[in-house]
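The structure appears right after this line, and notes come after that.
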Amino acid sequence: MSETHAEEAVPHRYDAALAARIEPRWQDHWESAGLFNAPNPTGRLANPDDPRAGAEKLFVMDMFPYPSGAGLHVGHPLGYIATDSFARYKRMCGYNVLHPMAFDAFGLPTEQYAVLTGQHPAKITEDNVATYRRQLRRLGMGYDTSRTFATSDPEYYKWTQWIFLQIFNSWFDADADAGAARPIAELIAAFADGTREVPGGRQWTDLSDVERRKVVDDHRLVYITEAPVNWCPGLGTVLSNEEVTAEGRSERGNYPVYTRKLRQWMMRITAYADRLAGGLDGLDWPESTKHLQRNWIGKSTGAHVDFASDAGDIRVFTTRPDTLFGATYMVLAPENDKVDALVADAWPEGTREAWTGGHADPRTAVAAYRAFAAAKTDVERQADAKDKTGVFIGAFATNPVDGRRIPIFIADYVLAGYGTGAIMAVPGQDTRDWDFAEAFDLPIIRTVRPPSDFDGKAYTGDGPAINSSFLDGMEVTEAKAAITVWLEDKGYGQSTVTYRLRDWLFSRQRYWGEPFPIVYDETGLPVAVPESMLPIELPEVDDYSPKIFEPDDTDSSPEAPLGKATEWVNVTLDLGDGPKRYRRDTNTMPNWAGSCWYQLRYTDPFDAERFADPANESYWMRPRDAEDCGGVDLYIGGQEHAVLHLLYDRFWQMVLFDLGHVSSQEPFRKLYHQGMVQAYAYTDARGAYVPADEVTERDGGFFHNGQKVNREYGKMGKTQRNVVTPDQMCDRYGADTFRIYEMSMGPLDVSRPWETRAVIGAHRFLQRLWRNIVDEQTGKCRVADVDADAETLKVLHRTIDAVRSDMDNLRLNTAIAKQIMLNNHVVGLDEVPRSVAEKQVLMVAPFAPHIAEELWNRMGHTESLANTAFPDADERYLVVETVTYPVQINGKVRDRLEIAADADEAAVREAALACDKIAAALDGRAPKKVIVVPGRMVSVVV
């Protein structure tokens, strides 16, 4: 039968055409009625008449998307549908649910597209956001549409700039309880009244105005410094470590990246290292994510040790001060400031050929090696390399424990931005140091005795100290404590804690980002722009691109696109002391800035005087009790953001909390990572991808235009030519079918393969549900006002109970599976009781809201079910009937087992063998047979 004839035969069947009629109608209704707009306690969004006003709140968030021109593919909405289903369910359970959606709009991809097309980035962003909003609306998302924004909206980034100023005008008071940000004015006052010593020992009154400003600037939580950065000439911008591949190339464009020292804004996130690490304990986050953050923070306990040299003490940090007697050489980062002061004019007597790098003198060797190291990124330099490289600088340091003079090298595996930029090398106890020592013919002294059967090189395990004077015989822990006390007594070092975490590089040489609310006066020092002048908006420019250089031009320097807007850069302002000429900062903030606080703006997006009214912020974010950290109640997003976005957001939240601007120390109370939707892709004999939807399968192989192709499994994307879009699925089946399929594919946190052919299963479930309630010939409601039989009531209420549990724990796939089983039971009934059908519709509503609203309406309800109570299970039907089995061993009853009457034979067998008396009688022996007579007895034969 043709599709046309089938449709004529069943004119009211649920299909894509019917879905296309009802879905937009319900979407229009939800939006016009503002059904998902959560009421605030006060302000413009307060609504005391809302059915959820005064109810317990629940704040549910997605990691918001960066809107690309390509729009969504079917993998993107996985988390969005999950949060929407959960939020709809919780709203039906009586919560005042805030579930908003905004857009992360600043960044390099939009800027590069603007350069390519000549379109303004704002226009590109506007168009891309419109596409995403259309697609998400078509999927039936129940977002609070009154709270949407893009981070590139001036009304939004005004407050990003405001938060920057709060951080700029703060310092970290380590003496406060646990350490905390305090207003910079308090620091200035402490310097002025003498309660805090001025660095350098001078009196505050003896310093000039410029000197005072420099002292204060050195304490700010955001500051400017010369910092080693990842410079990418091919992109014309500085990149963060996370934007550089392990091969030392840019993630975007695959250009080579080099290490350069540039003046950059840095955020002093390291001041919060302890709190960032400690705060993880109170978060309901995946342990894997907590582990990643702890590793990124990298807390290490050890000692700072000073090695004397001709250029002053060289300080190193070591977690193994007990191995000091085995330090036979030192290594400095090539960029370390002491290198220039230490490097000799000629090779000292006794210099080995391997140490020189083949150069005539130390200065030439150092210059050549620095050029070599600058061509690598930090990522490359930290990677284990088979060949160790470095050069002797012609200088020596003194080992403080025994007075030995040890040679000083520079090598690329030591980084200027990590630790002190210098290490003591103990080859006997460190594999990397051993390899370097072997390569450069350096002495090796073991300081820990390895086991007698150890035949390796460096020994990194525990054992008694050897070759270590007064430490000999001590175990590692005891030796660490003893040497640390000795170092402190002698003035050679001190116990300390360090972190792998580095301060956050906060400058980008781009156009499409937040301008800094900073100007520079005639001294060249930064001056904060008054809050009354915010936002500092981006100027119009003819060219959005930074100056691009040849990819291998290592001598190039950044030239930001904002530098071309000279009238904007050079400006006359009255900042309180009369009109003066100032120069604006031509860098912009990184793309992370706007996402570091967006949860706060969701709470009150219309307040023009504050980023949020304290009453509204506190209502949605405050801690539940003294033990709670506060924050968003559920935050769902990909694990790829486990470190950076989440760490940066936590840092900003803690600073704002310290300054009294927010009620919670943490931004996200509960975090959940959804898996990925992956797909098959196909390549031809050349290795080129072919359109996946044109591939056919036959005879155990895959073919495209008659040619055999290879199948691979992985990412879905344009490059792989295997993209399936939500629009395609909505056209073919309807949004509800797509939603059901995505949620039923497997556990939410597990990656899963996309299979278009499998979507039909979800569609048939909805067709059967529709058919139970609507006559396909007449379109009339066919439910009956009759009582449900006992078995149906039992199945119904056990399903309700199980679905509630699954929904509360985000087991969305099993919640759907249980509803399919219930529906299969209902299909077999002669009449569908209204009481059963209504509860079915309410249960399916979070997943398939359009068809649920339509069925609810056709059953005679005039109000939306969005705020209708989710069904409760009747406890009477949850009681599990039991049966008692006598359990025999070789024909003699030894015990009795009470178990659920519907337990299968395997469960009865396992329970019987676990009975105390049976287990004792068997005493570890395996029975020859276990015979289960259902409902009557269990016989064990031994």
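Simple scheme: letters A, B, ... for chains in structure tokens order, numbers from 1 for residues in each chain, numbers from 1 for ligands in the order shown.
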
Sort by chain and increasing residue number a table of all residues of region 636-689 of chain A within 12 Å of region 604-618 of chain A, each with its closest pair of atoms and their distance in Å to one decimal, counting only C-alpha atoms, and write it as CSV.
```
residue,atom,partner,partner_atom,distance
A:Leu656,CA,A:Phe611,CA,11.3
A:Phe657,CA,A:Ser618,CA,11.5
A:Gly660,CA,A:Pro614,CA,9.9
A:His661,CA,A:Pro614,CA,7.7
A:Val662,CA,A:Glu617,CA,7.0
A:Ser663,CA,A:Ser618,CA,5.6
A:Ser664,CA,A:Ser618,CA,7.9
A:Gln665,CA,A:Ser618,CA,11.6
A:Pro667,CA,A:Glu617,CA,11.4
```

Distance query region 620-636 of chain A at most 8 Å, only C-alpha atoms, self and fewer than 2 positions along chain excluded, as an mmCIF file with all heavy atoms, in the first residue's frame:
```cif
data_model
loop_
_atom_site.group_PDB
_atom_site.id
_atom_site.type_symbol
_atom_site.label_atom_id
_atom_site.label_comp_id
_atom_site.auth_asym_id
_atom_site.auth_seq_id
_atom_site.Cartn_x
_atom_site.Cartn_y
_atom_site.Cartn_z
ATOM 1 N N LYS A 57 12.552 26.280 45.015
ATOM 2 C CA LYS A 57 13.189 26.597 43.736
ATOM 3 C C LYS A 57 14.087 25.458 43.274
ATOM 4 O O LYS A 57 14.594 24.652 44.063
ATOM 5 C CB LYS A 57 13.993 27.896 43.849
ATOM 6 C CG LYS A 57 15.201 27.841 44.780
ATOM 7 C CD LYS A 57 16.491 27.360 44.098
ATOM 8 C CE LYS A 57 17.637 27.255 45.086
ATOM 9 N NZ LYS A 57 18.872 26.748 44.461
ATOM 10 N N LEU A 58 14.326 25.417 41.964
ATOM 11 C CA LEU A 58 15.282 24.488 41.364
ATOM 12 C C LEU A 58 15.891 25.192 40.154
ATOM 13 O O LEU A 58 15.180 25.578 39.227
ATOM 14 C CB LEU A 58 14.605 23.189 40.932
ATOM 15 C CG LEU A 58 15.570 22.093 40.478
ATOM 16 C CD1 LEU A 58 16.232 21.444 41.692
ATOM 17 C CD2 LEU A 58 14.843 21.025 39.654
ATOM 18 N N PHE A 59 17.204 25.357 40.153
ATOM 19 C CA PHE A 59 17.925 26.060 39.097
ATOM 20 C C PHE A 59 18.660 25.016 38.262
ATOM 21 O O PHE A 59 19.572 24.347 38.741
ATOM 22 C CB PHE A 59 18.902 27.045 39.741
ATOM 23 C CG PHE A 59 19.548 28.037 38.797
ATOM 24 C CD1 PHE A 59 20.358 29.054 39.312
ATOM 25 C CD2 PHE A 59 19.374 27.986 37.420
ATOM 26 C CE1 PHE A 59 20.968 29.980 38.483
ATOM 27 C CE2 PHE A 59 19.978 28.910 36.573
ATOM 28 C CZ PHE A 59 20.785 29.907 37.109
ATOM 29 N N VAL A 60 18.237 24.868 37.006
ATOM 30 C CA VAL A 60 18.794 23.865 36.096
ATOM 31 C C VAL A 60 19.436 24.584 34.917
ATOM 32 O O VAL A 60 18.815 25.452 34.300
ATOM 33 C CB VAL A 60 17.696 22.903 35.588
ATOM 34 C CG1 VAL A 60 18.277 21.887 34.617
ATOM 35 C CG2 VAL A 60 17.020 22.206 36.762
ATOM 36 N N MET A 61 20.682 24.228 34.608
ATOM 37 C CA MET A 61 21.420 24.911 33.542
ATOM 38 C C MET A 61 22.108 23.919 32.615
ATOM 39 O O MET A 61 22.562 22.862 33.036
ATOM 40 C CB MET A 61 22.508 25.829 34.138
ATOM 41 C CG MET A 61 22.086 27.246 34.426
ATOM 42 S SD MET A 61 23.467 28.206 35.104
ATOM 43 C CE MET A 61 24.629 28.193 33.727
ATOM 44 N N ASP A 62 22.213 24.337 31.350
ATOM 45 C CA ASP A 62 23.079 23.672 30.377
ATOM 46 C C ASP A 62 24.349 24.509 30.214
ATOM 47 O O ASP A 62 24.328 25.729 30.395
ATOM 48 C CB ASP A 62 22.412 23.590 29.006
ATOM 49 C CG ASP A 62 21.048 22.958 29.057
ATOM 50 O OD1 ASP A 62 20.972 21.730 28.923
ATOM 51 O OD2 ASP A 62 20.045 23.698 29.214
ATOM 52 N N MET A 63 25.446 23.870 29.853
ATOM 53 C CA MET A 63 26.582 24.640 29.370
ATOM 54 C C MET A 63 26.159 25.260 28.040
ATOM 55 O O MET A 63 25.871 24.537 27.086
ATOM 56 C CB MET A 63 27.804 23.748 29.180
ATOM 57 C CG MET A 63 28.406 23.268 30.471
ATOM 58 S SD MET A 63 29.947 22.348 30.216
ATOM 59 C CE MET A 63 30.287 21.811 31.899
ATOM 60 N N GLY A 79 22.335 16.807 25.756
ATOM 61 C CA GLY A 79 22.242 17.364 27.100
ATOM 62 C C GLY A 79 21.078 18.314 27.249
ATOM 63 O O GLY A 79 20.451 18.393 28.328
ATOM 64 N N THR A 83 18.174 18.058 30.139
ATOM 65 C CA THR A 83 17.826 19.065 31.136
ATOM 66 C C THR A 83 16.386 19.523 30.975
ATOM 67 O O THR A 83 15.702 19.781 31.967
ATOM 68 C CB THR A 83 18.757 20.292 31.048
ATOM 69 O OG1 THR A 83 18.782 20.776 29.699
ATOM 70 C CG2 THR A 83 20.167 19.960 31.483
ATOM 71 N N GLY A 282 33.140 19.478 48.695
ATOM 72 C CA GLY A 282 31.734 19.736 48.993
ATOM 73 C C GLY A 282 30.834 19.762 47.782
ATOM 74 O O GLY A 282 29.646 20.091 47.900
ATOM 75 N N LEU A 283 31.375 19.406 46.601
ATOM 76 C CA LEU A 283 30.594 19.477 45.368
ATOM 77 C C LEU A 283 30.076 18.102 44.967
ATOM 78 O O LEU A 283 30.788 17.095 45.090
ATOM 79 C CB LEU A 283 31.447 20.051 44.237
ATOM 80 C CG LEU A 283 31.985 21.468 44.441
ATOM 81 C CD1 LEU A 283 32.877 21.870 43.264
ATOM 82 C CD2 LEU A 283 30.843 22.457 44.603
ATOM 83 N N GLN A 599 25.741 32.283 34.999
ATOM 84 C CA GLN A 599 24.719 31.755 35.905
ATOM 85 C C GLN A 599 24.150 32.861 36.787
ATOM 86 O O GLN A 599 22.964 32.812 37.154
ATOM 87 C CB GLN A 599 25.298 30.620 36.755
ATOM 88 C CG GLN A 599 26.280 31.029 37.835
ATOM 89 C CD GLN A 599 27.687 31.258 37.314
ATOM 90 O OE1 GLN A 599 27.962 31.087 36.141
ATOM 91 N NE2 GLN A 599 28.592 31.651 38.203
ATOM 92 N N THR A 603 19.876 34.926 36.949
ATOM 93 C CA THR A 603 18.995 35.144 38.096
ATOM 94 C C THR A 603 18.251 36.469 38.016
ATOM 95 O O THR A 603 17.207 36.628 38.638
ATOM 96 C CB THR A 603 19.776 35.086 39.421
ATOM 97 O OG1 THR A 603 20.667 36.206 39.503
ATOM 98 C CG2 THR A 603 20.562 33.794 39.542
ATOM 99 N N ASN A 616 17.262 38.327 44.386
ATOM 100 C CA ASN A 616 17.064 37.336 43.328
ATOM 101 C C ASN A 616 18.252 36.378 43.233
ATOM 102 O O ASN A 616 18.076 35.165 43.090
ATOM 103 C CB ASN A 616 16.832 38.036 41.995
ATOM 104 C CG ASN A 616 15.521 38.801 41.971
ATOM 105 O OD1 ASN A 616 14.537 38.380 42.578
ATOM 106 N ND2 ASN A 616 15.500 39.942 41.297
ATOM 107 N N GLU A 617 19.459 36.928 43.325
ATOM 108 C CA GLU A 617 20.657 36.077 43.283
ATOM 109 C C GLU A 617 20.626 35.080 44.432
ATOM 110 O O GLU A 617 20.878 33.888 44.259
ATOM 111 C CB GLU A 617 21.908 36.952 43.332
ATOM 112 C CG GLU A 617 23.222 36.182 43.253
ATOM 113 C CD GLU A 617 23.663 35.594 44.589
ATOM 114 O OE1 GLU A 617 23.358 36.186 45.651
ATOM 115 O OE2 GLU A 617 24.289 34.501 44.581
ATOM 116 N N SER A 618 20.301 35.564 45.615
ATOM 117 C CA SER A 618 20.290 34.708 46.793
ATOM 118 C C SER A 618 19.202 33.642 46.695
ATOM 119 O O SER A 618 19.413 32.489 47.083
ATOM 120 C CB SER A 618 20.094 35.569 48.048
ATOM 121 O OG SER A 618 19.989 34.762 49.203
ATOM 122 N N GLY A 638 29.485 18.953 28.633
ATOM 123 C CA GLY A 638 30.501 17.984 28.249
ATOM 124 C C GLY A 638 31.712 17.989 29.163
ATOM 125 O O GLY A 638 32.068 19.008 29.745
ATOM 126 N N SER A 663 25.943 35.160 47.166
ATOM 127 C CA SER A 663 25.610 34.431 48.397
ATOM 128 C C SER A 663 26.261 33.069 48.482
ATOM 129 O O SER A 663 26.274 32.458 49.557
ATOM 130 C CB SER A 663 24.088 34.263 48.488
ATOM 131 O OG SER A 663 23.599 33.539 47.361
ATOM 132 N N SER A 664 26.788 32.536 47.371
ATOM 133 C CA SER A 664 27.355 31.190 47.381
ATOM 134 C C SER A 664 28.822 31.222 46.980
ATOM 135 O O SER A 664 29.226 31.990 46.110
ATOM 136 C CB SER A 664 26.584 30.265 46.430
ATOM 137 O OG SER A 664 26.700 30.713 45.092
ATOM 138 N N GLN A 665 29.606 30.358 47.619
ATOM 139 C CA GLN A 665 31.025 30.291 47.295
ATOM 140 C C GLN A 665 31.287 29.562 45.986
ATOM 141 O O GLN A 665 32.302 29.780 45.350
ATOM 142 C CB GLN A 665 31.788 29.573 48.413
ATOM 143 C CG GLN A 665 31.817 30.307 49.729
ATOM 144 C CD GLN A 665 32.931 29.793 50.617
ATOM 145 O OE1 GLN A 665 34.076 29.726 50.206
ATOM 146 N NE2 GLN A 665 32.580 29.435 51.842
ATOM 147 N N GLU A 666 30.389 28.670 45.608
ATOM 148 C CA GLU A 666 30.576 27.856 44.414
ATOM 149 C C GLU A 666 29.471 28.156 43.404
ATOM 150 O O GLU A 666 28.325 28.421 43.787
ATOM 151 C CB GLU A 666 30.539 26.370 44.765
ATOM 152 C CG GLU A 666 31.722 25.899 45.600
ATOM 153 C CD GLU A 666 32.994 25.704 44.786
ATOM 154 O OE1 GLU A 666 32.928 25.789 43.536
ATOM 155 O OE2 GLU A 666 34.054 25.472 45.392
ATOM 156 N N PRO A 667 29.787 28.091 42.111
ATOM 157 C CA PRO A 667 28.761 28.384 41.106
ATOM 158 C C PRO A 667 27.828 27.217 40.815
ATOM 159 O O PRO A 667 26.664 27.431 40.490
ATOM 160 C CB PRO A 667 29.587 28.734 39.861
ATOM 161 C CG PRO A 667 30.877 28.001 40.038
ATOM 162 C CD PRO A 667 31.129 27.950 41.519
ATOM 163 N N PHE A 668 28.329 25.967 40.947
ATOM 164 C CA PHE A 668 27.536 24.813 40.500
ATOM 165 C C PHE A 668 27.581 23.731 41.575
ATOM 166 O O PHE A 668 28.594 23.067 41.769
ATOM 167 C CB PHE A 668 28.072 24.281 39.175
ATOM 168 C CG PHE A 668 28.240 25.340 38.125
ATOM 169 C CD1 PHE A 668 29.503 25.708 37.682
ATOM 170 C CD2 PHE A 668 27.131 26.006 37.609
ATOM 171 C CE1 PHE A 668 29.664 26.697 36.724
ATOM 172 C CE2 PHE A 668 27.285 26.995 36.660
ATOM 173 C CZ PHE A 668 28.553 27.356 36.213
ATOM 174 N N ARG A 669 26.446 23.545 42.241
ATOM 175 C CA ARG A 669 26.354 22.559 43.320
ATOM 176 C C ARG A 669 26.487 21.138 42.752
ATOM 177 O O ARG A 669 27.239 20.325 43.281
ATOM 178 C CB ARG A 669 25.008 22.708 44.027
ATOM 179 C CG ARG A 669 24.694 21.626 45.033
ATOM 180 C CD ARG A 669 23.285 21.783 45.590
ATOM 181 N NE ARG A 669 23.181 22.886 46.527
ATOM 182 C CZ ARG A 669 22.526 24.011 46.284
ATOM 183 N NH1 ARG A 669 21.924 24.201 45.099
ATOM 184 N NH2 ARG A 669 22.466 24.956 47.193
ATOM 185 N N LYS A 670 25.738 20.833 41.708
ATOM 186 C CA LYS A 670 25.755 19.492 41.110
ATOM 187 C C LYS A 670 26.118 19.602 39.633
ATOM 188 O O LYS A 670 25.555 20.441 38.913
ATOM 189 C CB LYS A 670 24.395 18.806 41.254
ATOM 190 C CG LYS A 670 24.340 17.390 40.659
ATOM 191 C CD LYS A 670 22.965 16.751 40.863
ATOM 192 C CE LYS A 670 22.873 15.378 40.212
ATOM 193 N NZ LYS A 670 23.786 14.392 40.817
ATOM 194 N N LEU A 671 27.037 18.758 39.201
ATOM 195 C CA LEU A 671 27.507 18.744 37.811
ATOM 196 C C LEU A 671 27.300 17.349 37.238
ATOM 197 O O LEU A 671 27.521 16.343 37.929
ATOM 198 C CB LEU A 671 28.985 19.125 37.761
ATOM 199 C CG LEU A 671 29.694 19.012 36.408
ATOM 200 C CD1 LEU A 671 29.207 20.099 35.452
ATOM 201 C CD2 LEU A 671 31.213 19.118 36.589
ATOM 202 N N TYR A 672 26.889 17.304 35.988
ATOM 203 C CA TYR A 672 26.673 16.023 35.312
ATOM 204 C C TYR A 672 27.178 16.159 33.884
ATOM 205 O O TYR A 672 26.887 17.145 33.213
ATOM 206 C CB TYR A 672 25.185 15.665 35.317
ATOM 207 C CG TYR A 672 24.866 14.234 34.972
ATOM 208 C CD1 TYR A 672 24.626 13.292 35.971
ATOM 209 C CD2 TYR A 672 24.806 13.805 33.655
ATOM 210 C CE1 TYR A 672 24.328 11.978 35.666
ATOM 211 C CE2 TYR A 672 24.513 12.491 33.339
ATOM 212 C CZ TYR A 672 24.266 11.584 34.343
ATOM 213 O OH TYR A 672 23.975 10.273 34.035
ATOM 214 N N HIS A 673 27.954 15.176 33.432
ATOM 215 C CA HIS A 673 28.479 15.206 32.062
ATOM 216 C C HIS A 673 27.689 14.238 31.189
ATOM 217 O O HIS A 673 27.641 13.030 31.482
ATOM 218 C CB HIS A 673 29.952 14.803 32.030
ATOM 219 C CG HIS A 673 30.859 15.741 32.746
ATOM 220 N ND1 HIS A 673 30.887 17.090 32.475
ATOM 221 C CD2 HIS A 673 31.773 15.530 33.728
ATOM 222 C CE1 HIS A 673 31.786 17.662 33.252
ATOM 223 N NE2 HIS A 673 32.315 16.751 34.019
ATOM 224 N N GLN A 674 27.071 14.752 30.128
ATOM 225 C CA GLN A 674 26.433 13.859 29.189
ATOM 226 C C GLN A 674 27.489 13.246 28.261
ATOM 227 O O GLN A 674 28.569 13.804 28.078
ATOM 228 C CB GLN A 674 25.375 14.589 28.341
ATOM 229 C CG GLN A 674 25.910 15.303 27.107
ATOM 230 C CD GLN A 674 26.418 16.693 27.409
ATOM 231 O OE1 GLN A 674 26.522 17.089 28.550
ATOM 232 N NE2 GLN A 674 26.732 17.446 26.368
#
```

Straight-line distance linking CA of Ser32 (chain A) with CA of Ile124 (chain A), stated in Å to one decimal: 27.6 Å

Find the residues around Asp15 (chain A) up to 12 Å (only C-alpha atoms counted), leave out those fewer than 4 positions away in its own chain, and share them as a ChimeraX atom specification. /A:3,6-7,10-11,19-23,730-737,760,762-768,770-771,776,851

List the spatial neighbours of region 471-477 of chain A as a list in words - criterion: any atom at most 8 Å away, only C-alpha atoms, same-chain residues fewer than 5 positions off excluded.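 Answer for this query is Asp322, Val448, Asp462, Gly463, Pro464, Ala465, Ile466, Ala482 and Ile483 of chain A.
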
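For region 528-672 of chain A, backbone-based DSSP assignment of strand (DSSP E or B) covers A:Ala528, A:Asn570, A:Val571, A:Thr572, A:Leu573, A:Asp574, A:Pro579, A:Lys580, A:Arg581, A:Tyr582, A:Arg583, A:Arg584, A:Thr588, A:Val632, A:Leu634, A:Tyr635, A:Ile636, A:Gly637, A:Phe668, A:Lys670, A:Leu671, A:Tyr672.
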
All residues 12 Å or closer to Cys596 (chain A), only C-alpha atoms, same chain fewer than 4 positions away omitted, as an MDAnalysis selection string: chainID A and resid 63:64 104 151 157 159:161 163:164 589:592 600:601 644:656 666:668

Env of Phe549 (chain A): 9 Å cut, atoms = only C-alpha atoms, seq-sep filter 3 positions within chain, self excluded. Answer as a PDB file with N, CA and C atoms, in the first residue's frame.
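Produced file around35.pdb, reproduced below:
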```pdb
ATOM      1  N   CYS A 232      51.317  32.713  18.184  1.00  0.00           N
ATOM      2  CA  CYS A 232      51.020  32.039  16.914  1.00  0.00           C
ATOM      3  C   CYS A 232      51.030  33.078  15.796  1.00  0.00           C
ATOM      4  N   PRO A 233      52.139  33.252  15.084  1.00  0.00           N
ATOM      5  CA  PRO A 233      52.193  34.243  13.998  1.00  0.00           C
ATOM      6  C   PRO A 233      51.147  33.995  12.916  1.00  0.00           C
ATOM      7  N   GLY A 234      50.853  32.719  12.645  1.00  0.00           N
ATOM      8  CA  GLY A 234      49.897  32.401  11.585  1.00  0.00           C
ATOM      9  C   GLY A 234      48.481  32.861  11.882  1.00  0.00           C
ATOM     10  N   LEU A 235      48.151  33.000  13.171  1.00  0.00           N
ATOM     11  CA  LEU A 235      46.844  33.530  13.577  1.00  0.00           C
ATOM     12  C   LEU A 235      46.938  34.972  14.049  1.00  0.00           C
ATOM     13  N   GLY A 236      48.158  35.421  14.332  1.00  0.00           N
ATOM     14  CA  GLY A 236      48.349  36.794  14.775  1.00  0.00           C
ATOM     15  C   GLY A 236      47.882  37.031  16.196  1.00  0.00           C
ATOM     16  N   ASP A 552      56.059  30.863  10.258  1.00  0.00           N
ATOM     17  CA  ASP A 552      57.346  30.587  10.908  1.00  0.00           C
ATOM     18  C   ASP A 552      58.124  31.852  11.254  1.00  0.00           C
ATOM     19  N   ASP A 553      57.440  33.010  11.275  1.00  0.00           N
ATOM     20  CA  ASP A 553      58.100  34.277  11.592  1.00  0.00           C
ATOM     21  C   ASP A 553      58.215  34.421  13.106  1.00  0.00           C
ATOM     22  N   SER A 556      58.213  38.027  14.921  1.00  0.00           N
ATOM     23  CA  SER A 556      57.030  38.884  14.845  1.00  0.00           C
ATOM     24  C   SER A 556      56.466  39.159  16.238  1.00  0.00           C
ATOM     25  N   SER A 557      55.627  40.183  16.342  1.00  0.00           N
ATOM     26  CA  SER A 557      54.965  40.550  17.594  1.00  0.00           C
ATOM     27  C   SER A 557      53.502  40.851  17.312  1.00  0.00           C
TER      28      SER A 557
END
```

Please provide the set of residues having any atom within 10 Å of Pro109 (chain A), restricted to only C-alpha atoms, with same-chain residues fewer than 2 positions apart removed, written as an NGL selection string. :A and (66-69 or 105-107 or 111-115 or 121 or 252 or 512)

Please produce an output containing N, CA and C atoms for each residue in the selection, written as a PDB file, in the first residue's frame.
```pdb
ATOM      1  N   TYR A  66      28.241  27.758  21.852  1.00  0.00           N
ATOM      2  CA  TYR A  66      28.823  28.790  20.993  1.00  0.00           C
ATOM      3  C   TYR A  66      28.131  28.641  19.646  1.00  0.00           C
ATOM      4  N   PRO A  67      27.333  29.629  19.222  1.00  0.00           N
ATOM      5  CA  PRO A  67      26.508  29.442  18.024  1.00  0.00           C
ATOM      6  C   PRO A  67      27.317  29.553  16.732  1.00  0.00           C
ATOM      7  N   SER A  68      27.470  28.444  16.057  1.00  0.00           N
ATOM      8  CA  SER A  68      28.177  28.430  14.779  1.00  0.00           C
ATOM      9  C   SER A  68      27.185  28.552  13.635  1.00  0.00           C
ATOM     10  N   GLY A  69      27.698  28.870  12.474  1.00  0.00           N
ATOM     11  CA  GLY A  69      26.835  29.040  11.305  1.00  0.00           C
ATOM     12  C   GLY A  69      26.195  27.750  10.856  1.00  0.00           C
ATOM     13  N   ALA A 105      29.020  34.024  22.855  1.00  0.00           N
ATOM     14  CA  ALA A 105      29.070  34.575  21.502  1.00  0.00           C
ATOM     15  C   ALA A 105      30.394  35.193  21.082  1.00  0.00           C
ATOM     16  N   PHE A 106      31.263  35.584  22.019  1.00  0.00           N
ATOM     17  CA  PHE A 106      32.556  36.130  21.633  1.00  0.00           C
ATOM     18  C   PHE A 106      33.517  34.989  21.289  1.00  0.00           C
ATOM     19  N   GLY A 107      34.503  35.269  20.421  1.00  0.00           N
ATOM     20  CA  GLY A 107      35.513  34.246  20.170  1.00  0.00           C
ATOM     21  C   GLY A 107      36.099  34.285  18.787  1.00  0.00           C
ATOM     22  N   GLU A 111      35.175  35.751  14.587  1.00  0.00           N
ATOM     23  CA  GLU A 111      36.073  36.784  14.062  1.00  0.00           C
ATOM     24  C   GLU A 111      36.700  36.339  12.743  1.00  0.00           C
ATOM     25  N   GLN A 112      37.131  35.080  12.683  1.00  0.00           N
ATOM     26  CA  GLN A 112      37.751  34.602  11.444  1.00  0.00           C
ATOM     27  C   GLN A 112      36.743  34.555  10.299  1.00  0.00           C
ATOM     28  N   TYR A 113      35.497  34.218  10.600  1.00  0.00           N
ATOM     29  CA  TYR A 113      34.472  34.223   9.547  1.00  0.00           C
ATOM     30  C   TYR A 113      34.190  35.643   9.085  1.00  0.00           C
ATOM     31  N   ALA A 114      34.246  36.593  10.021  1.00  0.00           N
ATOM     32  CA  ALA A 114      34.062  38.001   9.655  1.00  0.00           C
ATOM     33  C   ALA A 114      35.183  38.478   8.742  1.00  0.00           C
ATOM     34  N   VAL A 115      36.410  38.057   9.026  1.00  0.00           N
ATOM     35  CA  VAL A 115      37.546  38.415   8.171  1.00  0.00           C
ATOM     36  C   VAL A 115      37.345  37.837   6.774  1.00  0.00           C
ATOM     37  N   PRO A 121      31.099  40.900  12.909  1.00  0.00           N
ATOM     38  CA  PRO A 121      30.899  39.762  13.817  1.00  0.00           C
ATOM     39  C   PRO A 121      29.575  39.805  14.558  1.00  0.00           C
ATOM     40  N   ARG A 252      43.244  25.680  16.209  1.00  0.00           N
ATOM     41  CA  ARG A 252      42.499  26.202  15.068  1.00  0.00           C
ATOM     42  C   ARG A 252      43.489  26.618  13.984  1.00  0.00           C
ATOM     43  N   TRP A 512      36.976  40.502  18.357  1.00  0.00           N
ATOM     44  CA  TRP A 512      35.679  40.057  18.837  1.00  0.00           C
ATOM     45  C   TRP A 512      35.783  39.490  20.259  1.00  0.00           C
TER      46      TRP A 512
END
```
